[in-house]
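File shown here: run-v3.cif, holding mmCIF, N, CA and C atoms and all ligand atoms.
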```cif
data_structure
loop_
_atom_site.label_atom_id
_atom_site.label_comp_id
_atom_site.auth_asym_id
_atom_site.auth_seq_id
_atom_site.Cartn_x
_atom_site.Cartn_y
_atom_site.Cartn_z
N MET A 1 -4.49 -22.17 -1.89
CA MET A 1 -5.51 -21.12 -1.96
C MET A 1 -4.94 -19.80 -1.43
N THR A 2 -5.08 -18.75 -2.22
CA THR A 2 -4.64 -17.43 -1.74
C THR A 2 -5.63 -16.93 -0.70
N GLU A 3 -5.10 -16.54 0.46
CA GLU A 3 -5.98 -16.01 1.49
C GLU A 3 -5.30 -14.85 2.20
N ARG A 4 -6.06 -14.21 3.08
CA ARG A 4 -5.54 -13.07 3.83
C ARG A 4 -5.61 -13.36 5.32
N THR A 5 -4.61 -12.84 6.03
CA THR A 5 -4.62 -12.95 7.49
C THR A 5 -4.33 -11.59 8.09
N PHE A 6 -4.70 -11.44 9.36
CA PHE A 6 -4.47 -10.18 10.06
C PHE A 6 -3.27 -10.33 10.98
N SER A 7 -2.41 -9.33 10.97
CA SER A 7 -1.18 -9.36 11.77
C SER A 7 -1.05 -8.09 12.61
N ILE A 8 -0.50 -8.23 13.80
CA ILE A 8 -0.11 -7.06 14.59
C ILE A 8 1.35 -7.21 15.00
N LEU A 9 2.14 -6.17 14.76
CA LEU A 9 3.47 -6.07 15.36
C LEU A 9 3.24 -5.32 16.67
N LYS A 10 3.42 -6.02 17.77
CA LYS A 10 2.98 -5.55 19.08
C LYS A 10 3.92 -4.48 19.67
N PRO A 11 3.47 -3.80 20.76
CA PRO A 11 4.28 -2.72 21.34
C PRO A 11 5.73 -3.09 21.65
N ASP A 12 5.97 -4.31 22.13
CA ASP A 12 7.37 -4.65 22.45
C ASP A 12 8.24 -4.65 21.19
N ALA A 13 7.62 -4.92 20.04
CA ALA A 13 8.37 -4.91 18.77
C ALA A 13 8.59 -3.49 18.26
N THR A 14 7.53 -2.65 18.28
CA THR A 14 7.72 -1.28 17.78
C THR A 14 8.67 -0.49 18.69
N GLU A 15 8.60 -0.76 20.00
CA GLU A 15 9.49 -0.04 20.94
C GLU A 15 10.96 -0.33 20.67
N ARG A 16 11.24 -1.55 20.19
CA ARG A 16 12.65 -1.93 19.92
C ARG A 16 13.01 -1.72 18.45
N ASN A 17 12.12 -1.00 17.70
CA ASN A 17 12.41 -0.65 16.31
C ASN A 17 12.58 -1.89 15.42
N LEU A 18 11.70 -2.89 15.64
CA LEU A 18 11.83 -4.16 14.92
C LEU A 18 10.86 -4.31 13.75
N THR A 19 10.16 -3.22 13.38
CA THR A 19 9.17 -3.35 12.30
C THR A 19 9.80 -3.91 11.02
N GLY A 20 10.90 -3.32 10.61
CA GLY A 20 11.55 -3.77 9.37
C GLY A 20 12.09 -5.19 9.48
N ALA A 21 12.68 -5.51 10.62
CA ALA A 21 13.25 -6.86 10.80
C ALA A 21 12.16 -7.92 10.73
N ILE A 22 11.02 -7.65 11.36
CA ILE A 22 9.92 -8.64 11.33
C ILE A 22 9.30 -8.68 9.94
N ASN A 23 9.14 -7.52 9.32
CA ASN A 23 8.60 -7.52 7.95
C ASN A 23 9.50 -8.30 6.99
N ALA A 24 10.78 -8.27 7.23
CA ALA A 24 11.71 -9.04 6.37
C ALA A 24 11.44 -10.54 6.50
N VAL A 25 11.17 -11.01 7.72
CA VAL A 25 10.86 -12.44 7.93
C VAL A 25 9.55 -12.78 7.21
N ILE A 26 8.57 -11.88 7.34
CA ILE A 26 7.26 -12.10 6.71
C ILE A 26 7.41 -12.20 5.19
N GLU A 27 8.13 -11.27 4.61
CA GLU A 27 8.27 -11.24 3.14
C GLU A 27 9.13 -12.40 2.65
N LYS A 28 10.14 -12.77 3.41
CA LYS A 28 11.00 -13.89 3.02
C LYS A 28 10.20 -15.20 2.98
N ALA A 29 9.15 -15.28 3.80
CA ALA A 29 8.31 -16.49 3.83
C ALA A 29 7.31 -16.50 2.67
N GLY A 30 7.32 -15.45 1.87
CA GLY A 30 6.44 -15.44 0.70
C GLY A 30 5.11 -14.76 0.93
N LEU A 31 4.95 -14.15 2.11
CA LEU A 31 3.71 -13.41 2.38
C LEU A 31 3.88 -11.97 1.92
N ARG A 32 2.79 -11.41 1.39
CA ARG A 32 2.80 -10.05 0.85
C ARG A 32 2.04 -9.14 1.81
N ILE A 33 2.64 -8.00 2.17
CA ILE A 33 1.98 -7.04 3.06
C ILE A 33 1.10 -6.15 2.19
N VAL A 34 -0.22 -6.42 2.20
CA VAL A 34 -1.13 -5.70 1.28
C VAL A 34 -1.85 -4.54 1.96
N ALA A 35 -1.64 -4.38 3.27
CA ALA A 35 -2.12 -3.21 4.01
C ALA A 35 -1.28 -3.10 5.27
N GLN A 36 -1.00 -1.87 5.68
CA GLN A 36 -0.17 -1.69 6.87
C GLN A 36 -0.35 -0.27 7.40
N LYS A 37 -0.53 -0.14 8.73
CA LYS A 37 -0.49 1.19 9.33
C LYS A 37 -0.06 1.09 10.79
N ARG A 38 0.59 2.19 11.22
CA ARG A 38 1.04 2.26 12.61
C ARG A 38 0.02 3.07 13.38
N ILE A 39 -0.50 2.51 14.47
CA ILE A 39 -1.54 3.17 15.25
C ILE A 39 -1.27 3.00 16.74
N LYS A 40 -1.91 3.81 17.53
CA LYS A 40 -1.92 3.59 18.97
C LYS A 40 -3.28 2.95 19.26
N MET A 41 -3.28 1.72 19.71
CA MET A 41 -4.54 1.03 19.94
C MET A 41 -5.24 1.64 21.16
N SER A 42 -6.53 1.92 21.02
CA SER A 42 -7.29 2.43 22.17
C SER A 42 -7.67 1.25 23.07
N ARG A 43 -8.03 1.57 24.29
CA ARG A 43 -8.48 0.53 25.23
C ARG A 43 -9.71 -0.20 24.65
N THR A 44 -10.62 0.57 24.06
CA THR A 44 -11.83 -0.03 23.46
C THR A 44 -11.45 -1.00 22.35
N ASP A 45 -10.53 -0.59 21.49
CA ASP A 45 -10.05 -1.47 20.41
C ASP A 45 -9.47 -2.77 20.97
N ALA A 46 -8.61 -2.61 21.98
CA ALA A 46 -7.92 -3.79 22.54
C ALA A 46 -8.91 -4.73 23.22
N GLU A 47 -9.87 -4.14 23.95
CA GLU A 47 -10.86 -4.99 24.65
C GLU A 47 -11.75 -5.72 23.65
N GLN A 48 -12.10 -5.03 22.57
CA GLN A 48 -12.90 -5.69 21.53
C GLN A 48 -12.08 -6.78 20.83
N PHE A 49 -10.84 -6.42 20.47
CA PHE A 49 -10.01 -7.34 19.71
C PHE A 49 -9.77 -8.65 20.47
N TYR A 50 -9.49 -8.52 21.78
CA TYR A 50 -9.19 -9.71 22.59
C TYR A 50 -10.40 -10.15 23.43
N GLY A 51 -11.61 -9.78 22.99
CA GLY A 51 -12.83 -10.11 23.73
C GLY A 51 -12.96 -11.57 24.10
N VAL A 52 -12.46 -12.45 23.24
CA VAL A 52 -12.54 -13.89 23.49
C VAL A 52 -11.78 -14.29 24.77
N HIS A 53 -10.82 -13.45 25.18
CA HIS A 53 -10.02 -13.76 26.38
C HIS A 53 -10.49 -13.01 27.62
N LYS A 54 -11.69 -12.39 27.58
CA LYS A 54 -12.01 -11.46 28.68
C LYS A 54 -12.16 -12.11 30.05
N GLU A 55 -12.42 -13.41 30.08
CA GLU A 55 -12.50 -14.08 31.39
C GLU A 55 -11.15 -14.63 31.86
N ARG A 56 -10.13 -14.51 31.04
CA ARG A 56 -8.82 -15.09 31.41
C ARG A 56 -8.11 -14.18 32.41
N PRO A 57 -7.30 -14.78 33.29
CA PRO A 57 -6.64 -13.97 34.34
C PRO A 57 -5.68 -12.92 33.78
N PHE A 58 -5.18 -13.15 32.55
CA PHE A 58 -4.20 -12.21 32.00
C PHE A 58 -4.83 -11.12 31.14
N PHE A 59 -6.19 -11.05 31.10
CA PHE A 59 -6.86 -10.10 30.20
C PHE A 59 -6.46 -8.64 30.47
N GLY A 60 -6.48 -8.25 31.74
CA GLY A 60 -6.14 -6.87 32.09
C GLY A 60 -4.73 -6.51 31.65
N GLU A 61 -3.82 -7.42 31.92
CA GLU A 61 -2.42 -7.22 31.54
C GLU A 61 -2.28 -7.15 30.01
N LEU A 62 -3.04 -7.99 29.33
CA LEU A 62 -3.00 -8.02 27.86
C LEU A 62 -3.45 -6.69 27.27
N VAL A 63 -4.55 -6.14 27.80
CA VAL A 63 -5.06 -4.85 27.32
C VAL A 63 -4.06 -3.74 27.63
N GLU A 64 -3.50 -3.76 28.83
CA GLU A 64 -2.47 -2.76 29.21
C GLU A 64 -1.29 -2.81 28.24
N THR A 65 -0.82 -4.01 27.99
CA THR A 65 0.35 -4.19 27.12
C THR A 65 0.07 -3.70 25.70
N MET A 66 -1.09 -4.05 25.17
CA MET A 66 -1.41 -3.71 23.77
C MET A 66 -1.64 -2.22 23.56
N THR A 67 -1.92 -1.49 24.67
CA THR A 67 -2.18 -0.05 24.55
C THR A 67 -1.00 0.78 25.07
N SER A 68 0.10 0.11 25.39
CA SER A 68 1.22 0.80 26.06
C SER A 68 2.12 1.58 25.10
N ALA A 69 2.06 1.27 23.83
CA ALA A 69 2.93 1.91 22.82
C ALA A 69 2.31 1.60 21.46
N PRO A 70 2.80 2.25 20.39
CA PRO A 70 2.19 1.99 19.08
C PRO A 70 2.30 0.52 18.66
N VAL A 71 1.37 0.16 17.78
CA VAL A 71 1.43 -1.15 17.13
C VAL A 71 1.40 -0.91 15.62
N VAL A 72 1.80 -1.92 14.85
CA VAL A 72 1.63 -1.87 13.41
C VAL A 72 0.63 -2.96 13.04
N VAL A 73 -0.51 -2.54 12.48
CA VAL A 73 -1.52 -3.53 12.06
C VAL A 73 -1.32 -3.77 10.56
N GLN A 74 -1.52 -5.01 10.16
CA GLN A 74 -1.23 -5.39 8.77
C GLN A 74 -2.23 -6.41 8.25
N VAL A 75 -2.38 -6.44 6.94
CA VAL A 75 -3.04 -7.56 6.27
C VAL A 75 -1.98 -8.24 5.42
N LEU A 76 -1.84 -9.55 5.61
CA LEU A 76 -0.87 -10.34 4.85
C LEU A 76 -1.62 -11.25 3.89
N GLU A 77 -1.10 -11.38 2.69
CA GLU A 77 -1.77 -12.18 1.66
C GLU A 77 -0.80 -13.21 1.11
N GLY A 78 -1.32 -14.40 0.82
CA GLY A 78 -0.49 -15.42 0.20
C GLY A 78 -1.16 -16.78 0.25
N GLU A 79 -0.47 -17.74 -0.34
CA GLU A 79 -0.93 -19.13 -0.34
C GLU A 79 -1.01 -19.62 1.11
N GLY A 80 -2.18 -20.04 1.56
CA GLY A 80 -2.33 -20.55 2.93
C GLY A 80 -1.80 -19.57 3.97
N ALA A 81 -2.10 -18.28 3.80
CA ALA A 81 -1.48 -17.23 4.62
C ALA A 81 -1.71 -17.41 6.12
N ILE A 82 -2.89 -17.89 6.50
CA ILE A 82 -3.21 -18.00 7.93
C ILE A 82 -2.27 -19.01 8.61
N ALA A 83 -2.19 -20.21 8.05
CA ALA A 83 -1.34 -21.24 8.65
C ALA A 83 0.14 -20.89 8.48
N LYS A 84 0.49 -20.32 7.34
CA LYS A 84 1.90 -19.98 7.11
C LYS A 84 2.37 -18.94 8.12
N TYR A 85 1.54 -17.93 8.38
CA TYR A 85 1.98 -16.90 9.34
C TYR A 85 2.08 -17.48 10.75
N ARG A 86 1.10 -18.32 11.13
CA ARG A 86 1.18 -18.96 12.45
C ARG A 86 2.49 -19.75 12.57
N GLU A 87 2.89 -20.40 11.47
CA GLU A 87 4.11 -21.20 11.48
C GLU A 87 5.34 -20.30 11.69
N ILE A 88 5.42 -19.20 10.97
CA ILE A 88 6.64 -18.37 11.10
C ILE A 88 6.60 -17.48 12.35
N MET A 89 5.40 -17.29 12.95
CA MET A 89 5.33 -16.58 14.24
C MET A 89 5.97 -17.42 15.34
N GLY A 90 5.70 -18.72 15.35
CA GLY A 90 6.16 -19.60 16.42
C GLY A 90 5.16 -19.65 17.57
N ALA A 91 5.45 -20.51 18.55
CA ALA A 91 4.54 -20.75 19.68
C ALA A 91 4.30 -19.47 20.49
N THR A 92 3.09 -19.40 21.11
CA THR A 92 2.70 -18.23 21.91
C THR A 92 3.75 -17.90 22.97
N ASN A 93 4.24 -18.95 23.65
CA ASN A 93 5.31 -18.78 24.64
C ASN A 93 6.66 -18.90 23.91
N PRO A 94 7.41 -17.81 23.85
CA PRO A 94 8.66 -17.85 23.07
C PRO A 94 9.64 -18.92 23.54
N ALA A 95 9.51 -19.34 24.81
CA ALA A 95 10.40 -20.40 25.31
C ALA A 95 10.14 -21.71 24.56
N GLN A 96 8.93 -21.83 23.97
CA GLN A 96 8.60 -23.05 23.23
C GLN A 96 8.63 -22.85 21.72
N ALA A 97 9.03 -21.67 21.27
CA ALA A 97 9.00 -21.37 19.83
C ALA A 97 10.18 -22.02 19.10
N ALA A 98 9.91 -22.49 17.88
CA ALA A 98 10.94 -23.17 17.10
C ALA A 98 11.99 -22.17 16.60
N ASP A 99 13.19 -22.69 16.37
CA ASP A 99 14.28 -21.86 15.83
C ASP A 99 13.86 -21.17 14.54
N GLY A 100 14.27 -19.94 14.40
CA GLY A 100 14.00 -19.21 13.16
C GLY A 100 12.65 -18.50 13.13
N THR A 101 11.77 -18.81 14.08
CA THR A 101 10.46 -18.15 14.10
C THR A 101 10.62 -16.74 14.69
N ILE A 102 9.63 -15.89 14.38
CA ILE A 102 9.67 -14.49 14.85
C ILE A 102 9.72 -14.43 16.37
N ARG A 103 8.91 -15.26 17.02
CA ARG A 103 8.89 -15.21 18.49
C ARG A 103 10.18 -15.75 19.09
N LYS A 104 10.78 -16.76 18.46
CA LYS A 104 12.07 -17.26 18.96
C LYS A 104 13.14 -16.18 18.80
N LEU A 105 13.09 -15.49 17.66
CA LEU A 105 14.11 -14.47 17.37
C LEU A 105 13.94 -13.23 18.25
N TYR A 106 12.69 -12.80 18.46
CA TYR A 106 12.48 -11.46 19.01
C TYR A 106 11.64 -11.35 20.28
N ALA A 107 10.76 -12.32 20.57
CA ALA A 107 9.84 -12.13 21.69
C ALA A 107 10.58 -12.12 23.03
N LYS A 108 10.00 -11.33 23.98
CA LYS A 108 10.63 -11.20 25.30
C LYS A 108 10.02 -12.18 26.30
N SER A 109 8.71 -12.44 26.16
CA SER A 109 7.99 -13.29 27.12
C SER A 109 6.63 -13.63 26.51
N ILE A 110 5.84 -14.43 27.23
CA ILE A 110 4.51 -14.79 26.70
C ILE A 110 3.62 -13.54 26.57
N GLY A 111 3.79 -12.58 27.46
CA GLY A 111 2.99 -11.36 27.42
C GLY A 111 3.51 -10.34 26.40
N GLU A 112 4.78 -10.41 26.13
CA GLU A 112 5.41 -9.49 25.16
C GLU A 112 6.03 -10.34 24.06
N ASN A 113 5.12 -10.90 23.24
CA ASN A 113 5.58 -11.90 22.27
C ASN A 113 5.56 -11.39 20.82
N SER A 114 5.69 -10.08 20.68
CA SER A 114 6.04 -9.41 19.41
C SER A 114 5.00 -9.38 18.30
N VAL A 115 4.25 -10.48 18.12
CA VAL A 115 3.31 -10.52 16.99
C VAL A 115 2.00 -11.21 17.33
N HIS A 116 0.98 -10.80 16.59
CA HIS A 116 -0.31 -11.51 16.58
C HIS A 116 -0.59 -11.97 15.16
N GLY A 117 -1.21 -13.13 15.02
CA GLY A 117 -1.70 -13.59 13.72
C GLY A 117 -3.01 -14.32 13.89
N SER A 118 -3.95 -14.10 12.98
CA SER A 118 -5.26 -14.75 13.07
C SER A 118 -5.10 -16.27 13.10
N ASP A 119 -6.08 -16.95 13.75
CA ASP A 119 -5.97 -18.40 13.87
C ASP A 119 -6.92 -19.17 12.95
N ALA A 120 -7.80 -18.49 12.21
CA ALA A 120 -8.76 -19.18 11.34
C ALA A 120 -9.36 -18.17 10.35
N PRO A 121 -9.94 -18.65 9.25
CA PRO A 121 -10.51 -17.73 8.26
C PRO A 121 -11.58 -16.80 8.83
N GLU A 122 -12.43 -17.31 9.73
CA GLU A 122 -13.51 -16.48 10.28
C GLU A 122 -12.92 -15.35 11.14
N THR A 123 -11.93 -15.68 11.98
CA THR A 123 -11.34 -14.64 12.83
C THR A 123 -10.53 -13.65 11.98
N ALA A 124 -9.87 -14.14 10.94
CA ALA A 124 -9.10 -13.24 10.06
C ALA A 124 -10.03 -12.17 9.49
N LYS A 125 -11.19 -12.61 9.03
CA LYS A 125 -12.14 -11.69 8.41
C LYS A 125 -12.60 -10.61 9.40
N VAL A 126 -12.96 -11.05 10.60
CA VAL A 126 -13.44 -10.11 11.63
C VAL A 126 -12.32 -9.15 12.06
N GLU A 127 -11.12 -9.70 12.24
CA GLU A 127 -10.00 -8.87 12.72
C GLU A 127 -9.59 -7.84 11.66
N ILE A 128 -9.53 -8.26 10.40
CA ILE A 128 -9.18 -7.32 9.32
C ILE A 128 -10.21 -6.19 9.29
N ALA A 129 -11.49 -6.54 9.37
CA ALA A 129 -12.57 -5.54 9.28
C ALA A 129 -12.54 -4.56 10.45
N GLN A 130 -11.99 -4.99 11.61
CA GLN A 130 -11.92 -4.06 12.75
C GLN A 130 -10.97 -2.89 12.47
N PHE A 131 -9.95 -3.12 11.65
CA PHE A 131 -8.93 -2.08 11.46
C PHE A 131 -8.80 -1.54 10.03
N PHE A 132 -9.28 -2.27 9.04
CA PHE A 132 -9.08 -1.82 7.66
C PHE A 132 -10.38 -1.83 6.85
N PRO A 133 -10.79 -0.66 6.32
CA PRO A 133 -11.84 -0.68 5.30
C PRO A 133 -11.27 -1.30 4.02
N ASP A 134 -12.13 -1.87 3.20
CA ASP A 134 -11.68 -2.54 1.97
C ASP A 134 -10.75 -1.67 1.13
N ALA A 135 -11.04 -0.38 1.07
CA ALA A 135 -10.27 0.53 0.21
C ALA A 135 -8.80 0.66 0.64
N GLU A 136 -8.49 0.29 1.88
CA GLU A 136 -7.10 0.41 2.36
C GLU A 136 -6.30 -0.87 2.12
N ILE A 137 -6.95 -1.88 1.54
CA ILE A 137 -6.25 -3.14 1.29
C ILE A 137 -6.01 -3.25 -0.21
N VAL A 138 -4.73 -3.22 -0.59
CA VAL A 138 -4.42 -3.20 -2.02
C VAL A 138 -3.51 -4.40 -2.32
N GLY A 139 -4.10 -5.44 -2.90
CA GLY A 139 -3.36 -6.68 -3.14
C GLY A 139 -2.67 -6.67 -4.50
P1 LIG B 201 -1.69 -16.40 20.11
O1 LIG B 201 -2.81 -16.70 19.17
O2 LIG B 201 -0.46 -17.25 19.87
O3 LIG B 201 -1.31 -14.93 20.16
O4 LIG B 201 -2.17 -16.79 21.59
P2 LIG B 201 -3.58 -16.71 22.35
O5 LIG B 201 -4.69 -16.37 21.41
O6 LIG B 201 -3.68 -17.94 23.19
O7 LIG B 201 -3.37 -15.49 23.36
C1 LIG B 201 -3.43 -14.16 22.92
C2 LIG B 201 -2.33 -13.35 23.56
O8 LIG B 201 -2.56 -13.27 24.94
C3 LIG B 201 -0.93 -13.98 23.43
O9 LIG B 201 -0.27 -13.67 22.22
C4 LIG B 201 -0.20 -13.36 24.61
O10 LIG B 201 0.30 -12.07 24.30
C5 LIG B 201 -1.32 -13.22 25.64
N1 LIG B 201 -1.25 -14.34 26.58
C6 LIG B 201 -1.65 -15.62 26.38
N2 LIG B 201 -1.41 -16.37 27.48
C7 LIG B 201 -0.87 -15.52 28.40
C8 LIG B 201 -0.41 -15.67 29.74
O11 LIG B 201 -0.46 -16.76 30.33
N3 LIG B 201 0.08 -14.56 30.36
C9 LIG B 201 0.13 -13.33 29.73
N4 LIG B 201 0.64 -12.28 30.40
N5 LIG B 201 -0.28 -13.16 28.46
C10 LIG B 201 -0.77 -14.23 27.82
#
```
Show me the file's structure as structure tokens.
Amino acid sequence: MTERTFSILKPDATERNLTGAINAVIEKAGLRIVAQKRIKMSRTDAEQFYGVHKERPFFGELVETMTSAPVVVQVLEGEGAIAKYREIMGATNPAQAADGTIRKLYAKSIGENSVHGSDAPETAKVEIAQFFPDAEIVG
């Protein structure tokens, strides 16, 4: 089934000029970048986006990190895009990420782990809508 997922190339990735390198991994896996923009996430955006984690001890650090430098927000499209992107991202903690995954290749730590990808169809829909009007998504 063709589906869409939401992706973020996080500040640690844009700071090290890794947008193209990560996009190459994404495209090589057969996912199509059907929307993309580079933005500076506001505190309000970050708090809303990670609202599910607001009671976690790392929430403050997470919001600080996500607003510390530009991010690239994207919509990826493809066969089973949500699960496929999670697979090529690798585990949240890069120390546990499989060889060849984006986080194994590029992530610095659990807090600076280079990429975000939606975990389910419902969250993908909500996350995409937070950053992209329909007219900006061209499949
Ligand atoms: P993901 O779906 O793999 O990104 O992981 P989660 O939804 O569990 O967590 C969201 C993000 O919060 C992760 O990508 C990390 O950047 C951050 N995070 C999760 N756990 C920790 C932690 O223990 N410490 C810190 N500093 N950040 C964390």
Which residues form the shell of 6 Å around ligand LIG 201 (chain B) when you count only C-alpha atoms and all ligand atoms, given as a short mmCIF file (atom, residue, chain, number, x, y, z; two decimals) with N, CA and C atoms, in the coordinates of the input?
```
data_model
loop_
_atom_site.label_atom_id
_atom_site.label_comp_id
_atom_site.auth_asym_id
_atom_site.auth_seq_id
_atom_site.Cartn_x
_atom_site.Cartn_y
_atom_site.Cartn_z
N PHE A 58 -5.18 -13.15 32.55
CA PHE A 58 -4.20 -12.21 32.00
C PHE A 58 -4.83 -11.12 31.14
N LEU A 62 -3.04 -7.99 29.33
CA LEU A 62 -3.00 -8.02 27.86
C LEU A 62 -3.45 -6.69 27.27
N THR A 92 3.09 -19.40 21.11
CA THR A 92 2.70 -18.23 21.91
C THR A 92 3.75 -17.90 22.97
N ILE A 110 5.84 -14.43 27.23
CA ILE A 110 4.51 -14.79 26.70
C ILE A 110 3.62 -13.54 26.57
N GLY A 111 3.79 -12.58 27.46
CA GLY A 111 2.99 -11.36 27.42
C GLY A 111 3.51 -10.34 26.40
N GLU A 112 4.78 -10.41 26.13
CA GLU A 112 5.41 -9.49 25.16
C GLU A 112 6.03 -10.34 24.06
N ASN A 113 5.12 -10.90 23.24
CA ASN A 113 5.58 -11.90 22.27
C ASN A 113 5.56 -11.39 20.82
N HIS A 116 0.98 -10.80 16.59
CA HIS A 116 -0.31 -11.51 16.58
C HIS A 116 -0.59 -11.97 15.16
#
```
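The nearest approach to A:Lys84 among the residues A:Met1, A:Ala124, A:Ala29, A:Leu18, with only C-alpha atoms taken into account, belongs to A:Ala29.
The smallest atom-to-atom distance between A:Met41 and any of A:Ser68, A:Asn93, A:Ser109, A:Thr123, using only N, CA and C atoms, is found for A:Ser68.
Rounded to one decimal, atom N of A:Ala81 and atom N of A:Glu3 lie 4.8 Å from each other.
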Quick one: DSSP alpha helix (DSSP H) residues in stretch 31-111 of chain A, as a ChimeraX atom specification? /A:43-49,59-66,81-89,102-106
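Counting from atom N of A:Val115, the distance to atom N of A:Gly78 is 18.6 Å.
Residues of stretch 35-100 of chain A assigned to strand (DSSP E or B) by DSSP on this structure's backbone: Ala35, Gln36, Lys37, Arg38, Ile39, Val71, Val72, Val73, Gln74, Val75, Leu76, Glu77, Gly78 and Glu79 of chain A.
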Using only N, CA and C atoms, determine which residues lie at most 8 Å from A:Thr14, disregarding the query and same-chain residues fewer than 2 positions distant; provide the list as a PyMOL selection string. chain A and resi 9-12+16-19+69-72+114
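Proximity ranking of A:Thr44, A:Leu31, A:Ile102, A:Thr5 relative to A:Lys125 places A:Thr5 first, based on only C-alpha atoms.
Atom C of A:Ile82 is found 10.1 Å from atom C of A:Thr2.
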Place a sphere of radius 5 Å on (0.4, 0.6, 9.9) in the file coordinates and name every protein, DNA or RNA residue with an atom inside or on its surface, counting all atoms listed in the file; give the answer as a PyMOL selection string. chain A and resi 36-38+72-73
Using only C-alpha atoms, collect all residues at a distance of at most 10 Å from (13.8, -15.5, 13.9) as written in the file, then present them as a ChimeraX atom specification. /A:21-22,25,88-90,97-107
Around all of stretch 87-93 of chain A's listed atoms, make the axis-aligned box with 4 Å on each side and tell me centre and edge lengths in Å to one decimal, as JSON.
```
{"center_x": 4.7, "center_y": -18.9, "center_z": 17.8, "size_x": 12.0, "size_y": 12.6, "size_z": 21.7}
```
Contacts of A:Leu76 at 5 Å or less, counting only N, CA and C atoms, minus same-chain residues fewer than 4 places along, as an MDAnalysis selection string? chainID A and resid 4:5 32:34
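Checking A:Lys28, A:Gly117, A:Phe49, A:Thr65 one by one against A:Gln130, counting all atoms listed in the file, you find the shortest gap at A:Phe49.
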Closest of A:Glu64, A:Glu87, A:Glu136, A:Glu77 to A:Phe6, counting all atoms listed in the file, is A:Glu77
Some atoms are missing, so please complete stretch 7-11 of chain A with all heavy atoms and return it as a PDB file, keeping the file's coordinate frame.
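Result file is out35.pdb:
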```pdb
ATOM      1  N   SER A   7      -2.410  -9.330  10.970  1.00  0.00           N
ATOM      2  CA  SER A   7      -1.180  -9.360  11.770  1.00  0.00           C
ATOM      3  C   SER A   7      -1.050  -8.090  12.610  1.00  0.00           C
ATOM      4  O   SER A   7      -1.453  -7.010  12.171  1.00  0.00           O
ATOM      5  CB  SER A   7       0.017  -9.477  10.821  1.00  0.00           C
ATOM      6  OG  SER A   7       1.225  -9.088  11.443  1.00  0.00           O
ATOM      7  N   ILE A   8      -0.500  -8.230  13.800  1.00  0.00           N
ATOM      8  CA  ILE A   8      -0.110  -7.060  14.590  1.00  0.00           C
ATOM      9  C   ILE A   8       1.350  -7.210  15.000  1.00  0.00           C
ATOM     10  O   ILE A   8       1.740  -8.258  15.520  1.00  0.00           O
ATOM     11  CB  ILE A   8      -0.949  -6.907  15.887  1.00  0.00           C
ATOM     12  CG1 ILE A   8      -2.451  -6.863  15.590  1.00  0.00           C
ATOM     13  CG2 ILE A   8      -0.531  -5.645  16.632  1.00  0.00           C
ATOM     14  CD1 ILE A   8      -3.322  -6.782  16.857  1.00  0.00           C
ATOM     15  N   LEU A   9       2.140  -6.170  14.760  1.00  0.00           N
ATOM     16  CA  LEU A   9       3.470  -6.070  15.360  1.00  0.00           C
ATOM     17  C   LEU A   9       3.240  -5.320  16.670  1.00  0.00           C
ATOM     18  O   LEU A   9       2.820  -4.167  16.676  1.00  0.00           O
ATOM     19  CB  LEU A   9       4.451  -5.337  14.448  1.00  0.00           C
ATOM     20  CG  LEU A   9       4.499  -5.806  12.975  1.00  0.00           C
ATOM     21  CD1 LEU A   9       5.640  -5.114  12.244  1.00  0.00           C
ATOM     22  CD2 LEU A   9       4.596  -7.309  12.842  1.00  0.00           C
ATOM     23  N   LYS A  10       3.420  -6.020  17.770  1.00  0.00           N
ATOM     24  CA  LYS A  10       2.980  -5.550  19.080  1.00  0.00           C
ATOM     25  C   LYS A  10       3.920  -4.480  19.670  1.00  0.00           C
ATOM     26  O   LYS A  10       5.023  -4.272  19.158  1.00  0.00           O
ATOM     27  CB  LYS A  10       2.866  -6.747  20.031  1.00  0.00           C
ATOM     28  CG  LYS A  10       1.775  -7.755  19.629  1.00  0.00           C
ATOM     29  CD  LYS A  10       1.656  -8.848  20.679  1.00  0.00           C
ATOM     30  CE  LYS A  10       0.557  -9.846  20.354  1.00  0.00           C
ATOM     31  NZ  LYS A  10       0.417 -10.873  21.424  1.00  0.00           N
ATOM     32  N   PRO A  11       3.470  -3.800  20.760  1.00  0.00           N
ATOM     33  CA  PRO A  11       4.280  -2.720  21.340  1.00  0.00           C
ATOM     34  C   PRO A  11       5.730  -3.090  21.650  1.00  0.00           C
ATOM     35  O   PRO A  11       6.640  -2.293  21.435  1.00  0.00           O
ATOM     36  CB  PRO A  11       3.518  -2.373  22.629  1.00  0.00           C
ATOM     37  CG  PRO A  11       2.090  -2.641  22.261  1.00  0.00           C
ATOM     38  CD  PRO A  11       2.158  -3.893  21.411  1.00  0.00           C
TER      39      PRO A  11
END
```
